[in-house]
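Undergrad: I am sharing structure-v8.pdb, which consists of PDB, C-alpha atoms:
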```
ATOM      1  CA  PRO A  24     -12.607  74.301   4.802  1.00  0.00           C
ATOM      2  CA  PRO A  25     -15.069  76.865   6.074  1.00  0.00           C
ATOM      3  CA  ARG A  26     -18.678  75.759   6.413  1.00  0.00           C
ATOM      4  CA  ALA A  27     -21.842  77.624   5.722  1.00  0.00           C
ATOM      5  CA  ARG A  28     -24.104  78.223   8.595  1.00  0.00           C
ATOM      6  CA  GLY A  29     -26.331  75.228   9.393  1.00  0.00           C
ATOM      7  CA  GLU A  30     -24.316  72.863   7.244  1.00  0.00           C
ATOM      8  CA  ARG A  31     -23.507  69.600   8.861  1.00  0.00           C
ATOM      9  CA  PRO A  32     -19.972  68.280   8.880  1.00  0.00           C
ATOM     10  CA  ALA A  33     -19.329  65.345   6.520  1.00  0.00           C
ATOM     11  CA  PRO A  34     -19.692  62.080   8.365  1.00  0.00           C
ATOM     12  CA  ALA A  35     -16.459  60.262   9.192  1.00  0.00           C
ATOM     13  CA  ARG A  36     -17.701  57.232   7.285  1.00  0.00           C
ATOM     14  CA  ALA A  37     -17.962  59.223   4.046  1.00  0.00           C
ATOM     15  CA  ARG A  38     -14.385  60.454   4.423  1.00  0.00           C
ATOM     16  CA  ALA A  39     -13.123  56.891   5.035  1.00  0.00           C
ATOM     17  CA  ALA A  40     -15.118  55.611   2.073  1.00  0.00           C
ATOM     18  CA  ARG A  41     -13.360  58.068  -0.220  1.00  0.00           C
ATOM     19  CA  ALA A  42      -9.912  56.846   0.893  1.00  0.00           C
ATOM     20  CA  ARG A  43     -10.779  53.124   0.761  1.00  0.00           C
ATOM     21  CA  PRO A  44     -11.636  52.631  -2.905  1.00  0.00           C
ATOM     22  CA  LEU A  45      -7.999  53.077  -3.909  1.00  0.00           C
ATOM     23  CA  PHE A  46      -6.578  51.017  -1.066  1.00  0.00           C
ATOM     24  CA  VAL A  47      -8.934  47.999  -1.187  1.00  0.00           C
ATOM     25  CA  PRO A  48      -8.320  46.968  -4.815  1.00  0.00           C
ATOM     26  CA  PHE A  49      -4.581  47.481  -4.374  1.00  0.00           C
ATOM     27  CA  ALA A  50      -4.538  45.390  -1.195  1.00  0.00           C
ATOM     28  CA  THR A  51      -6.678  42.684  -2.820  1.00  0.00           C
ATOM     29  CA  ALA A  52      -4.445  42.511  -5.887  1.00  0.00           C
ATOM     30  CA  THR A  53      -1.336  42.402  -3.727  1.00  0.00           C
ATOM     31  CA  ALA A  54      -2.758  39.594  -1.573  1.00  0.00           C
ATOM     32  CA  ALA A  55      -3.805  37.631  -4.668  1.00  0.00           C
ATOM     33  CA  ALA A  56      -0.341  38.054  -6.197  1.00  0.00           C
ATOM     34  CA  ALA A  57       1.265  36.924  -2.947  1.00  0.00           C
ATOM     35  CA  LEU A  58      -0.937  33.802  -2.914  1.00  0.00           C
ATOM     36  CA  VAL A  59      -0.024  32.995  -6.510  1.00  0.00           C
ATOM     37  CA  VAL A  60       3.684  33.424  -5.784  1.00  0.00           C
ATOM     38  CA  ALA A  61       3.398  31.262  -2.654  1.00  0.00           C
ATOM     39  CA  ALA A  62       1.540  28.557  -4.592  1.00  0.00           C
ATOM     40  CA  LEU A  63       4.145  28.579  -7.384  1.00  0.00           C
ATOM     41  CA  PHE A  64       6.920  28.401  -4.813  1.00  0.00           C
ATOM     42  CA  ALA A  65       5.232  25.429  -3.100  1.00  0.00           C
ATOM     43  CA  VAL A  66       4.791  23.597  -6.420  1.00  0.00           C
ATOM     44  CA  GLN A  67       8.421  24.204  -7.386  1.00  0.00           C
ATOM     45  CA  ALA A  68       9.665  23.174  -3.947  1.00  0.00           C
ATOM     46  CA  ASP A  69       7.633  19.961  -4.160  1.00  0.00           C
ATOM     47  CA  ARG A  70       8.932  19.212  -7.669  1.00  0.00           C
ATOM     48  CA  THR A  71      12.511  19.916  -6.607  1.00  0.00           C
ATOM     49  CA  GLY A  72      12.071  17.694  -3.558  1.00  0.00           C
ATOM     50  CA  ARG A  73      10.775  14.831  -5.699  1.00  0.00           C
ATOM     51  CA  GLU A  74      13.631  15.250  -8.206  1.00  0.00           C
ATOM     52  CA  LEU A  75      16.167  15.295  -5.382  1.00  0.00           C
ATOM     53  CA  ALA A  76      14.660  12.139  -3.872  1.00  0.00           C
ATOM     54  CA  ALA A  77      14.785  10.394  -7.273  1.00  0.00           C
ATOM     55  CA  GLU A  78      18.436  11.370  -7.753  1.00  0.00           C
ATOM     56  CA  ARG A  79      19.255  10.205  -4.235  1.00  0.00           C
ATOM     57  CA  ASP A  80      17.568   6.837  -4.946  1.00  0.00           C
ATOM     58  CA  ARG A  81      19.493   6.469  -8.218  1.00  0.00           C
ATOM     59  CA  ALA A  82      22.772   7.293  -6.451  1.00  0.00           C
ATOM     60  CA  ARG A  83      21.968   4.684  -3.813  1.00  0.00           C
ATOM     61  CA  GLU A  84      21.273   2.054  -6.503  1.00  0.00           C
ATOM     62  CA  ILE A  85      24.510   2.914  -8.326  1.00  0.00           C
ATOM     63  CA  ALA A  86      26.482   2.708  -5.073  1.00  0.00           C
ATOM     64  CA  HIS A  87      24.923  -0.720  -4.381  1.00  0.00           C
ATOM     65  CA  VAL A  88      26.182  -2.046  -7.725  1.00  0.00           C
ATOM     66  CA  LEU A  89      29.626  -0.464  -7.357  1.00  0.00           C
ATOM     67  CA  ALA A  90      30.036  -1.864  -3.837  1.00  0.00           C
ATOM     68  CA  ALA A  91      29.135  -5.444  -4.807  1.00  0.00           C
ATOM     69  CA  PRO A  92      32.099  -7.784  -4.300  1.00  0.00           C
ATOM     70  CA  ASP A  93      31.703  -9.168  -7.839  1.00  0.00           C
ATOM     71  CA  ALA A  94      31.272  -5.798  -9.605  1.00  0.00           C
ATOM     72  CA  ARG A  95      33.067  -5.769 -12.946  1.00  0.00           C
ATOM     73  CA  ALA A  96      33.366  -3.119 -15.636  1.00  0.00           C
ATOM     74  CA  ALA A  97      33.400  -3.330 -19.421  1.00  0.00           C
ATOM     75  CA  THR A  98      32.986  -1.017 -22.391  1.00  0.00           C
ATOM     76  CA  GLY A  99      31.587  -1.771 -25.791  1.00  0.00           C
ATOM     77  CA  ARG A 100      31.748  -0.197 -29.190  1.00  0.00           C
ATOM     78  CA  ASP A 101      29.178   0.290 -31.908  1.00  0.00           C
ATOM     79  CA  ALA A 102      27.274  -2.707 -33.247  1.00  0.00           C
ATOM     80  CA  GLY A 103      29.997  -3.230 -35.879  1.00  0.00           C
ATOM     81  CA  GLY A 104      32.747  -3.359 -33.234  1.00  0.00           C
ATOM     82  CA  ARG A 105      34.136   0.044 -34.209  1.00  0.00           C
ATOM     83  CA  THR A 106      34.894   3.087 -32.132  1.00  0.00           C
ATOM     84  CA  ILE A 107      33.549   6.046 -34.057  1.00  0.00           C
ATOM     85  CA  GLY A 108      34.198   9.421 -32.503  1.00  0.00           C
ATOM     86  CA  GLY A 109      34.544   7.934 -29.006  1.00  0.00           C
ATOM     87  CA  ARG A 110      31.035   6.449 -28.955  1.00  0.00           C
ATOM     88  CA  THR A 111      30.824   3.658 -26.393  1.00  0.00           C
ATOM     89  CA  ILE A 112      28.567   1.926 -23.937  1.00  0.00           C
ATOM     90  CA  GLY A 113      29.949   1.519 -20.417  1.00  0.00           C
ATOM     91  CA  VAL A 114      28.719  -1.133 -17.992  1.00  0.00           C
ATOM     92  CA  ILE A 115      29.534  -1.913 -14.384  1.00  0.00           C
ATOM     93  CA  ALA A 116      27.641  -5.029 -13.372  1.00  0.00           C
ATOM     94  CA  SER A 117      27.141  -7.353 -10.445  1.00  0.00           C
ATOM     95  CA  ALA A 118      25.859 -10.806 -11.361  1.00  0.00           C
ATOM     96  CA  SER A 119      25.103 -11.585  -7.700  1.00  0.00           C
ATOM     97  CA  ALA A 120      22.951  -8.447  -7.395  1.00  0.00           C
ATOM     98  CA  GLY A 121      21.427  -8.898 -10.856  1.00  0.00           C
ATOM     99  CA  ARG A 122      22.084  -5.246 -11.632  1.00  0.00           C
ATOM    100  CA  ALA A 123      24.190  -3.133 -13.944  1.00  0.00           C
ATOM    101  CA  VAL A 124      24.957   0.554 -14.245  1.00  0.00           C
ATOM    102  CA  VAL A 125      24.882   1.510 -17.922  1.00  0.00           C
ATOM    103  CA  THR A 126      26.091   4.696 -19.586  1.00  0.00           C
ATOM    104  CA  LEU A 127      26.110   5.708 -23.215  1.00  0.00           C
ATOM    105  CA  HIS A 128      28.870   8.089 -24.332  1.00  0.00           C
ATOM    106  CA  GLY A 129      29.212  10.123 -27.492  1.00  0.00           C
ATOM    107  CA  TYR A 130      25.900   9.299 -29.151  1.00  0.00           C
ATOM    108  CA  GLY A 131      24.070  12.535 -28.344  1.00  0.00           C
ATOM    109  CA  ASP A 132      20.310  12.778 -28.656  1.00  0.00           C
ATOM    110  CA  PRO A 133      18.740  10.984 -31.608  1.00  0.00           C
ATOM    111  CA  PRO A 134      17.109  13.307 -34.148  1.00  0.00           C
ATOM    112  CA  GLY A 135      13.410  13.826 -34.669  1.00  0.00           C
ATOM    113  CA  GLY A 136      12.081  13.257 -31.165  1.00  0.00           C
ATOM    114  CA  ARG A 137      13.483   9.758 -30.932  1.00  0.00           C
ATOM    115  CA  VAL A 138      15.201   8.177 -27.898  1.00  0.00           C
ATOM    116  CA  HIS A 139      17.857   5.608 -27.063  1.00  0.00           C
ATOM    117  CA  GLN A 140      16.329   2.530 -25.435  1.00  0.00           C
ATOM    118  CA  LEU A 141      18.293  -0.112 -23.525  1.00  0.00           C
ATOM    119  CA  TRP A 142      17.436  -3.795 -24.018  1.00  0.00           C
ATOM    120  CA  LEU A 143      18.387  -6.997 -22.217  1.00  0.00           C
ATOM    121  CA  MET A 144      19.126  -9.803 -24.651  1.00  0.00           C
ATOM    122  CA  ARG A 145      18.754 -13.459 -23.579  1.00  0.00           C
ATOM    123  CA  PRO A 146      18.807 -16.700 -25.532  1.00  0.00           C
ATOM    124  CA  ARG A 147      15.394 -17.910 -26.730  1.00  0.00           C
ATOM    125  CA  ALA A 148      13.619 -14.882 -25.235  1.00  0.00           C
ATOM    126  CA  GLN A 149      12.262 -11.611 -26.539  1.00  0.00           C
ATOM    127  CA  PRO A 150      14.389  -8.546 -25.758  1.00  0.00           C
ATOM    128  CA  ARG A 151      13.282  -6.887 -22.511  1.00  0.00           C
ATOM    129  CA  SER A 152      13.347  -3.121 -22.157  1.00  0.00           C
ATOM    130  CA  LEU A 153      15.529  -1.842 -19.337  1.00  0.00           C
ATOM    131  CA  GLY A 154      14.615   1.802 -19.828  1.00  0.00           C
ATOM    132  CA  LEU A 155      15.425   4.902 -21.793  1.00  0.00           C
ATOM    133  CA  LEU A 156      18.859   6.500 -21.849  1.00  0.00           C
ATOM    134  CA  ASP A 157      19.038  10.277 -21.423  1.00  0.00           C
ATOM    135  CA  GLY A 158      22.387  11.526 -22.718  1.00  0.00           C
ATOM    136  CA  ASP A 159      25.245  10.515 -20.415  1.00  0.00           C
ATOM    137  CA  THR A 160      22.970   9.936 -17.396  1.00  0.00           C
ATOM    138  CA  PRO A 161      23.509   6.430 -16.003  1.00  0.00           C
ATOM    139  CA  VAL A 162      20.673   3.921 -15.999  1.00  0.00           C
ATOM    140  CA  VAL A 163      20.515   1.192 -13.375  1.00  0.00           C
ATOM    141  CA  ALA A 164      19.344  -1.995 -15.065  1.00  0.00           C
ATOM    142  CA  ASN A 165      17.596  -4.300 -12.587  1.00  0.00           C
ATOM    143  CA  GLY A 166      16.432  -7.890 -12.820  1.00  0.00           C
ATOM    144  CA  LEU A 167      19.359  -9.270 -14.798  1.00  0.00           C
ATOM    145  CA  ASP A 168      19.842 -13.003 -14.540  1.00  0.00           C
ATOM    146  CA  ARG A 169      22.952 -15.027 -15.279  1.00  0.00           C
ATOM    147  CA  SER A 170      21.528 -16.159 -18.632  1.00  0.00           C
ATOM    148  CA  ALA A 171      21.643 -12.586 -19.958  1.00  0.00           C
ATOM    149  CA  THR A 172      23.935 -12.480 -22.973  1.00  0.00           C
ATOM    150  CA  SER A 173      24.121  -8.814 -23.908  1.00  0.00           C
ATOM    151  CA  LEU A 174      22.823  -5.295 -23.551  1.00  0.00           C
ATOM    152  CA  ALA A 175      21.764  -3.495 -26.711  1.00  0.00           C
ATOM    153  CA  VAL A 176      20.777   0.098 -27.446  1.00  0.00           C
ATOM    154  CA  THR A 177      18.340   0.966 -30.217  1.00  0.00           C
ATOM    155  CA  VAL A 178      16.838   4.225 -31.460  1.00  0.00           C
ATOM    156  CA  GLU A 179      13.088   4.199 -30.805  1.00  0.00           C
ATOM    157  CA  PRO A 180      10.110   6.560 -31.061  1.00  0.00           C
ATOM    158  CA  ASP A 181       9.734   9.109 -28.262  1.00  0.00           C
ATOM    159  CA  GLY A 182       8.638   7.303 -25.097  1.00  0.00           C
ATOM    160  CA  GLY A 183      10.202   4.006 -26.173  1.00  0.00           C
ATOM    161  CA  SER A 184       8.603   0.899 -27.615  1.00  0.00           C
ATOM    162  CA  LEU A 185       7.516  -2.545 -26.447  1.00  0.00           C
ATOM    163  CA  ARG A 186       9.927  -4.312 -28.826  1.00  0.00           C
ATOM    164  CA  PRO A 187      12.995  -3.005 -30.685  1.00  0.00           C
ATOM    165  CA  THR A 188      12.032  -1.385 -33.980  1.00  0.00           C
ATOM    166  CA  THR A 189      15.588  -0.739 -35.231  1.00  0.00           C
ATOM    167  CA  ARG A 190      18.901  -2.561 -35.276  1.00  0.00           C
ATOM    168  CA  PRO A 191      21.129  -1.876 -32.245  1.00  0.00           C
ATOM    169  CA  VAL A 192      23.476   1.083 -32.528  1.00  0.00           C
ATOM    170  CA  VAL A 193      25.664  -0.493 -29.857  1.00  0.00           C
ATOM    171  CA  GLN A 194      25.708  -3.867 -28.116  1.00  0.00           C
ATOM    172  CA  LEU A 195      27.827  -5.240 -25.270  1.00  0.00           C
ATOM    173  CA  ALA A 196      28.365  -8.921 -24.490  1.00  0.00           C
ATOM    174  CA  LEU A 197      27.747  -9.467 -20.783  1.00  0.00           C
ATOM    175  CA  GLU A 198      30.107 -12.438 -20.435  1.00  0.00           C
ATOM    176  CA  THR A 199      32.856  -9.895 -19.725  1.00  0.00           C
ATOM    177  CA  VAL A 200      31.052  -8.883 -16.519  1.00  0.00           C
ATOM    178  CA  GLY A 201      30.006 -12.306 -15.217  1.00  0.00           C
ATOM    179  CA  PHE A 202      26.774 -13.045 -17.096  1.00  0.00           C
ATOM    180  CA  GLY A 203      25.897 -15.401 -19.941  1.00  0.00           C
ATOM    181  CA  GLY A 204      26.856 -18.606 -18.241  1.00  0.00           C
TER     182      GLY A 204
END
```
As structure tokens, please, write out the structure in this file.
TA:
Amino acid sequence: PPRARGERPAPARARAARARPLFVPFATATAAAALVVAALFAVQADRTGRELAAERDRAREIAHVLAAPDARAATGRDAGGRTIGGRTIGVIASASAGRAVVTLHGYGDPPGGRVHQLWLMRPRAQPRSLGLLDGDTPVVANGLDRSATSLAVTVEPDGGSLRPTTRPVVQLALETVGFGG
């Protein structure tokens, strides 16, 4: 634009300062958003990596039981010996390894925030929890000894309990897979 006589030109710094106020906040917000996205991605990648490692470990444990020379399979019905709507407990066990792979079929999730809990039953001993069952996902039960007589599943409060609080919904005698002797 034309200047009046004796007027000084606007300093370059003033012109740059006018352009910067719009760019700086935008650049800062963009950088902050990029950092948040990168952090979320890193957290998710770490979580996914841990879940993958856990699944790989479970698969390795299952394969160990299945590959045992004395691995035997059995299925059980509800605690009354009935098959109701295809509900069963499936077990593949190795007495020499002291392990069993246990699945629960057809029971669905218990109502009201409750869970299915797996118990090892032995003569003259308190039931020992072997973990919580999540739908049809197999559980590897470790630390079984030859005196184990059965596996039982009860419905317990969310998170499980130290001792069974309900009667078993299903129970399987382990003599069919080499235990109980």
Undergrad: If we count all atoms listed in the file and set the cut-off at 9 Å, which residues sit around range 140-145 of chain A, ignoring sequence neighbours fewer than 5 positions away in its own chain? Please answer as a ChimeraX atom specification.
TA: /A:125,150-156,162,164,167,170-179,183-184,186-187,203
Undergrad: Name the residues captured by the PyMOL selection byres ((chain A and resi 201) around 8) when it is applied to the shown file; answer as a PyMOL selection string.
TA: chain A and resi 95+116-118+169+197-200+202-204
Undergrad: Could you write out that same residue set with C-alpha atoms as a CSV table (one decimal), in the frame of the given file?
TA:
```
chain,number,residue,atom,x,y,z
A,95,ARG,CA,33.1,-5.8,-12.9
A,116,ALA,CA,27.6,-5.0,-13.4
A,117,SER,CA,27.1,-7.4,-10.4
A,118,ALA,CA,25.9,-10.8,-11.4
A,169,ARG,CA,23.0,-15.0,-15.3
A,197,LEU,CA,27.7,-9.5,-20.8
A,198,GLU,CA,30.1,-12.4,-20.4
A,199,THR,CA,32.9,-9.9,-19.7
A,200,VAL,CA,31.1,-8.9,-16.5
A,202,PHE,CA,26.8,-13.0,-17.1
A,203,GLY,CA,25.9,-15.4,-19.9
A,204,GLY,CA,26.9,-18.6,-18.2
```
Undergrad: Name the closest residue to Asn165 in chain A among the candidates A:Gly182, A:Gly121, A:Gly72, A:Gly113; distances are taken between atoms, counting all atoms listed in the file.
TA: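 With all atoms listed in the file as the atom set, the closest residue is A:Gly121.
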Undergrad: Quote the spacing between CA of Pro180 in chain A and CA of Gly131 in chain A in Å to one decimal place.
TA: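 One can read the CA of Pro180 in chain A to CA of Gly131 in chain A distance as 15.4 Å.
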Undergrad: If you take every atom of range 67-80 of chain A that the file lists and fit an axis-aligned box around them with 4 Å extra on each side, what centre and edge lengths come out in Å to one decimal, as JSON?
TA:
```
{"center_x": 13.4, "center_y": 15.5, "center_z": -5.9, "size_x": 19.6, "size_y": 25.4, "size_z": 12.6}
```
Undergrad: Using the chain letters and numbering of this document, enumerate as a ChimeraX atom specification the residues selected by the PyMOL selection byres ((chain A and resi 96) around 6).
TA: /A:95,97,114-115
Undergrad: By how many Å are CA of Val193 in chain A and CA of Ser119 in chain A apart?
TA: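 One can read the CA of Val193 in chain A to CA of Ser119 in chain A distance as 24.8 Å.
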Undergrad: To one decimal in Å, tell me the separation between CA of Ala55 in chain A and CA of Arg73 in chain A.
TA: 27.1 Å
Undergrad: Suppose a student applies the PyMOL selection byres ((chain A and resi 132-135) around 8) to this structure; what residues should they get, written as a list in words?
TA: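 When the PyMOL selection byres ((chain A and resi 132-135) around 8) is applied, the selected residues are Tyr130, Gly131, Gly136, Arg137, Val138, His139, Asp157, Gly158 and Val178 of chain A.
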Undergrad: Please provide as a VMD selection string all residues within 9 Å of Val163 in chain A, with the sequence filter that same-chain residues fewer than 4 positions apart are discarded (counting only C-alpha atoms).
TA: chain A and resid 81 84 to 85 88 122 to 125 153 to 154
Undergrad: Go ahead and write the selection's residues with C-alpha atoms as a tab-separated table (two decimals), in the frame of the given file.
TA:
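Result written to result03.tsv:
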```tsv
chain	number	residue	atom	x	y	z
A	81	ARG	CA	19.49	6.47	-8.22
A	84	GLU	CA	21.27	2.05	-6.50
A	85	ILE	CA	24.51	2.91	-8.33
A	88	VAL	CA	26.18	-2.05	-7.72
A	122	ARG	CA	22.08	-5.25	-11.63
A	123	ALA	CA	24.19	-3.13	-13.94
A	124	VAL	CA	24.96	0.55	-14.24
A	125	VAL	CA	24.88	1.51	-17.92
A	153	LEU	CA	15.53	-1.84	-19.34
A	154	GLY	CA	14.62	1.80	-19.83
```
Undergrad: Using all atoms listed in the file, pick whichever of A:Val60, A:Ile112, A:Leu89, A:Ala65 has the shortest atom-to-atom distance to Pro191 in chain A.
TA: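 The closest residue to Pro191 in chain A is A:Ile112.
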Undergrad: Under the rule that only C-alpha atoms are counted, which of A:Ala120, A:Asp159, A:Gln194, A:Val66 is the nearest residue to Ala86 in chain A?
TA: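 That would be A:Ala120, the residue with the smallest distance to Ala86 in chain A.
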Undergrad: Env of Thr160 in chain A: 10 Å cut, atoms = all atoms listed in the file, seq-sep filter 5 positions within chain, self excluded. Answer as a PyMOL selection string.
TA: chain A and resi 125-128
